[in-house]
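Below is start-v9.cif, which holds mmCIF, C-alpha atoms.
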data_upload
#
loop_
_atom_site.label_atom_id
_atom_site.label_comp_id
_atom_site.auth_asym_id
_atom_site.auth_seq_id
_atom_site.Cartn_x
_atom_site.Cartn_y
_atom_site.Cartn_z
CA MET A 16 -1.03 -13.47 -15.51
CA ASN A 17 2.16 -11.91 -16.72
CA GLN A 18 5.04 -10.81 -14.52
CA LEU A 19 4.06 -7.14 -14.59
CA SER A 20 0.54 -7.92 -13.37
CA ASN A 21 1.99 -10.07 -10.59
CA LEU A 22 4.28 -7.25 -9.47
CA MET A 23 1.44 -4.73 -9.57
CA ASN A 24 -0.81 -7.00 -7.51
CA ARG A 25 1.97 -7.61 -5.00
CA ALA A 26 2.71 -3.88 -4.65
CA ASP A 27 -1.00 -3.11 -4.32
CA GLY A 28 -1.29 -5.69 -1.53
CA LEU A 29 1.46 -3.93 0.44
CA GLN A 30 -0.44 -0.65 0.55
CA ASP A 31 -3.07 0.36 3.05
CA THR A 32 -2.04 -2.16 5.70
CA ASP A 33 -3.13 -1.80 9.33
CA GLY A 34 0.38 -0.69 10.26
CA GLN A 35 0.37 2.06 7.66
CA PHE A 36 -3.03 3.23 8.87
CA VAL A 37 -1.95 3.30 12.53
CA ASN A 38 1.32 5.06 11.65
CA SER A 39 -0.29 7.73 9.50
CA CYS A 40 -3.15 8.39 11.94
CA SER A 41 -0.85 8.47 14.98
CA ASP A 42 1.38 11.08 13.35
CA ALA A 43 -0.84 14.10 14.04
CA VAL A 44 -1.29 16.14 17.18
CA ASN A 45 -4.48 17.90 16.06
CA ARG A 46 -7.18 16.58 13.75
CA PRO A 47 -9.49 18.63 11.57
CA THR A 48 -13.23 18.28 12.01
CA PRO A 49 -15.25 16.91 9.07
CA ASP A 50 -16.39 20.49 8.32
CA ARG A 51 -12.77 21.67 8.26
CA VAL A 52 -11.89 18.84 5.86
CA ARG A 53 -14.61 20.10 3.51
CA GLU A 54 -13.04 23.57 3.64
CA LEU A 55 -9.58 22.15 3.02
CA VAL A 56 -10.77 20.19 -0.03
CA VAL A 57 -11.67 23.51 -1.68
CA ALA A 58 -8.67 25.50 -0.39
CA TRP A 59 -6.00 22.87 -1.05
CA ALA A 60 -7.32 22.18 -4.55
CA LYS A 61 -6.43 25.80 -5.38
CA LEU A 62 -3.16 25.92 -3.44
CA TYR A 63 -1.88 22.49 -4.48
CA PRO A 64 -3.51 21.57 -7.79
CA GLN A 65 -1.43 18.39 -8.20
CA PHE A 66 -2.57 16.64 -5.02
CA GLY A 67 -4.42 19.08 -2.73
CA THR A 68 -7.88 17.52 -3.06
CA VAL A 69 -6.61 14.00 -2.44
CA ALA A 70 -4.49 15.12 0.52
CA ALA A 71 -7.47 16.87 2.11
CA LEU A 72 -9.78 13.90 1.57
CA ASN A 73 -7.18 11.59 3.14
CA LEU A 74 -7.62 13.51 6.40
CA VAL A 75 -11.07 11.94 6.79
CA LYS A 76 -9.53 8.52 7.46
CA CYS A 77 -8.15 9.65 10.81
CA VAL A 78 -10.85 12.06 12.03
CA HIS A 79 -11.85 9.75 14.90
CA TRP A 80 -8.35 8.48 15.75
CA PRO A 81 -7.04 9.73 19.12
CA SER A 82 -4.34 12.40 19.07
CA GLY A 83 -1.08 12.09 20.93
CA SER A 84 1.35 14.57 22.43
CA PRO A 85 4.16 15.98 20.32
CA PRO A 86 7.53 14.36 20.97
CA GLN A 87 10.20 16.25 22.89
CA LEU A 88 12.79 17.83 20.61
CA PRO A 89 16.34 16.58 21.11
CA LYS A 90 18.57 18.83 23.19
CA GLU A 91 21.75 17.37 21.72
CA LEU A 92 22.57 15.26 18.68
CA LYS A 93 25.93 13.53 18.59
CA VAL A 94 25.88 12.89 14.86
CA ASP A 95 25.61 15.26 11.91
CA VAL A 96 22.50 14.79 9.77
CA LEU A 97 22.03 14.51 6.02
CA LEU A 98 18.58 15.83 5.17
CA MET A 99 16.92 14.41 2.06
CA GLY A 100 13.94 16.24 0.61
CA VAL A 101 11.75 17.06 -2.36
CA GLN A 102 10.68 20.58 -3.31
CA ASP A 103 7.00 19.63 -3.59
CA ASP A 104 6.55 16.69 -1.23
CA PRO A 105 2.94 15.58 -0.70
CA ILE A 106 3.85 13.69 2.48
CA VAL A 107 5.95 16.13 4.51
CA GLY A 108 5.09 19.34 2.68
CA VAL A 109 7.41 22.12 1.67
CA ASP A 110 8.55 22.98 5.21
CA GLY A 111 9.53 19.52 6.45
CA VAL A 112 13.25 19.73 5.63
CA ALA A 113 13.57 23.32 6.89
CA GLN A 114 11.86 22.44 10.18
CA THR A 115 14.07 19.40 10.61
CA ALA A 116 17.18 21.48 9.83
CA ALA A 117 16.18 23.95 12.55
CA THR A 118 15.76 21.10 15.03
CA VAL A 119 19.21 19.73 14.11
CA ILE A 120 20.82 23.17 14.52
CA ASN A 121 19.12 23.69 17.89
CA ALA A 122 20.52 20.32 18.98
CA ASN A 123 24.07 21.52 18.19
CA ALA A 124 24.65 19.32 15.16
CA ALA A 125 25.50 20.14 11.55
CA SER A 126 23.39 19.27 8.55
CA LYS A 127 23.45 19.42 4.77
CA ARG A 128 20.49 19.16 2.43
CA VAL A 129 20.00 17.04 -0.65
CA MET A 130 16.92 18.40 -2.41
CA TRP A 131 15.26 17.13 -5.57
CA GLN A 132 13.38 20.00 -7.22
CA GLY A 133 10.39 17.95 -8.30
CA ILE A 134 7.09 16.53 -7.07
CA GLY A 135 6.99 13.31 -5.03
CA HIS A 136 8.30 11.74 -1.85
CA GLY A 137 11.86 10.46 -1.67
CA ALA A 138 14.69 12.38 -3.36
CA SER A 139 16.92 9.33 -3.84
CA ILE A 140 14.11 7.43 -5.55
CA TYR A 141 13.46 10.05 -8.21
CA SER A 142 16.89 11.56 -8.83
CA SER A 143 20.21 9.84 -9.49
CA CYS A 144 21.81 13.17 -8.52
CA ALA A 145 20.71 12.59 -4.91
CA VAL A 146 22.28 9.14 -4.62
CA PRO A 147 26.06 9.96 -4.41
CA PRO A 148 25.78 12.29 -1.38
CA LEU A 149 23.50 9.77 0.33
CA LEU A 150 25.87 6.85 -0.28
CA GLY A 151 28.85 8.93 0.82
CA TYR A 152 27.10 9.80 4.08
CA LEU A 153 26.06 6.19 4.68
CA ASN A 154 29.57 4.91 3.95
CA ASP A 155 31.58 7.24 6.17
CA GLY A 156 29.11 9.33 8.19
CA LYS A 157 30.52 12.58 6.80
CA LEU A 158 28.38 15.30 5.32
CA PRO A 159 29.05 16.61 1.82
CA GLY A 160 30.79 20.00 1.67
CA THR A 161 27.72 21.82 0.37
CA ASP A 162 23.98 21.40 0.00
CA THR A 163 22.97 19.55 -3.17
CA TYR A 164 20.07 20.63 -5.38
CA CYS A 165 18.99 18.16 -8.06
CA PRO A 166 16.90 19.39 -11.01
CA ALA A 167 13.59 17.72 -11.75
#
File written out as structure tokens:
Amino acid sequence: MNQLSNLMNRADGLQDTDGQFVNSCSDAVNRPTPDRVRELVVAWAKLYPQFGTVAALNLVKCVHWPSGSPPQLPKELKVDVLLMGVQDDPIVGVDGVAQTAATVINANAASKRVMWQGIGHGASIYSSCAVPPLLGYLNDGKLPGTDTYCPA
């Protein structure tokens, strides 16, 4: 085998582990029924043509996993928060960053956004534009002066 095949096999072996299954299935408060999943396959395929069908079908994996209670929102945060996001994120959706920003504001902390205007999960992975504000925040804990929007 060549090096590329070895890397691909290694990466493939790191996916779909028990821990990833438990984490993804434990991350929902309410689960759709199998009939609802069928409806979502059709609806999401129209709403999200890039990944809607796959996202809906992935809900089947956790149909029988027990649901937990939602976590309590923080009443106070003592550190400002840099929010990293992607415009069309198949993992957290389009509202994930906005909902997190609202939680940060309600906990009396400041936040700035670094948004990559593409499709995927992980702004700093896909856009070199997102890296400088992230590194600055990690180095000194200070937020950039403005939100950052990185083109796809």
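Of note, CA of Val107 in chain A and CA of Asn121 in chain A are spaced 20.2 Å apart.
The list of residues within 10 Å of (28.5, 14.1, 21.9), counted using all atoms listed in the file, is Glu91, Leu92, Lys93, Val94, Asn123 and Ala124 of chain A.
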With C-alpha atoms retained, export the selected residues as a PDB file, keeping the file's coordinate frame.
ATOM      1  CA  GLU A  91      21.750  17.370  21.720  1.00  0.00           C
ATOM      2  CA  LEU A  92      22.570  15.260  18.680  1.00  0.00           C
ATOM      3  CA  LYS A  93      25.930  13.530  18.590  1.00  0.00           C
ATOM      4  CA  VAL A  94      25.880  12.890  14.860  1.00  0.00           C
ATOM      5  CA  ASN A 123      24.070  21.520  18.190  1.00  0.00           C
ATOM      6  CA  ALA A 124      24.650  19.320  15.160  1.00  0.00           C
TER       7      ALA A 124
END
Inset, instruction - Tell me, in Å to one decimal, how far CA of Leu98 in chain A is from CA of Val119 in chain A. - result: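 Between CA of Leu98 in chain A and CA of Val119 in chain A the gap is 9.8 Å.
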Inset, instruction - Between CA of Asn45 in chain A and CA of Ala70 in chain A, measure the distance and give it in Å to one decimal. - result: 15.8 Å
Inset, instruction - Fewer than 3 positions away in the same chain doesn't count, so skip those; otherwise give me all residues within 10 Å of range 71-85 of chain A, counting all atoms listed in the file, as a list in words. - result: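 Answer for this query is Phe36, Val37, Ser39, Cys40, Ser41, Asp42, Ala43, Val44, Asn45, Arg46, Pro47, Thr48, Pro49, Arg51, Val52, Arg53, Glu54, Leu55, Val56, Val57, Ala58, Trp59, Ala60, Phe66, Gly67, Thr68 and Leu88 of chain A.
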Legend entry - Nearest-residue call for Val146 in chain A, choices A:Asn17, A:Gly108, A:Val129, A:Pro166, using all atoms listed in the file: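 Looking at the shortest contact to Val146 in chain A, the residue is A:Val129.
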Legend entry - Non-local contacts of Asp103 in chain A (9 Å; only C-alpha atoms; under 5 positions in same chain excluded) as a VMD selection string: chain A and resid 108 to 109 131 to 136
Legend entry - Residues matched by the PyMOL selection byres ((chain A and resi 113) around 12), written as a ChimeraX atom specification: /A:98-102,107-112,114-120,126-130
Selection from above, C-alpha atoms, as a CSV table (one decimal), in the frame of the given file, can you write it?
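Wrote it out as selection_34.csv, contents follow:
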chain,number,residue,atom,x,y,z
A,98,LEU,CA,18.6,15.8,5.2
A,99,MET,CA,16.9,14.4,2.1
A,100,GLY,CA,13.9,16.2,0.6
A,101,VAL,CA,11.8,17.1,-2.4
A,102,GLN,CA,10.7,20.6,-3.3
A,107,VAL,CA,6.0,16.1,4.5
A,108,GLY,CA,5.1,19.3,2.7
A,109,VAL,CA,7.4,22.1,1.7
A,110,ASP,CA,8.6,23.0,5.2
A,111,GLY,CA,9.5,19.5,6.4
A,112,VAL,CA,13.2,19.7,5.6
A,114,GLN,CA,11.9,22.4,10.2
A,115,THR,CA,14.1,19.4,10.6
A,116,ALA,CA,17.2,21.5,9.8
A,117,ALA,CA,16.2,24.0,12.6
A,118,THR,CA,15.8,21.1,15.0
A,119,VAL,CA,19.2,19.7,14.1
A,120,ILE,CA,20.8,23.2,14.5
A,126,SER,CA,23.4,19.3,8.6
A,127,LYS,CA,23.4,19.4,4.8
A,128,ARG,CA,20.5,19.2,2.4
A,129,VAL,CA,20.0,17.0,-0.6
A,130,MET,CA,16.9,18.4,-2.4
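Nearest residue to Ser142 in chain A, choosing from A:Val69, A:Cys165, A:Leu19, A:Leu97 and counting only C-alpha atoms: A:Cys165.
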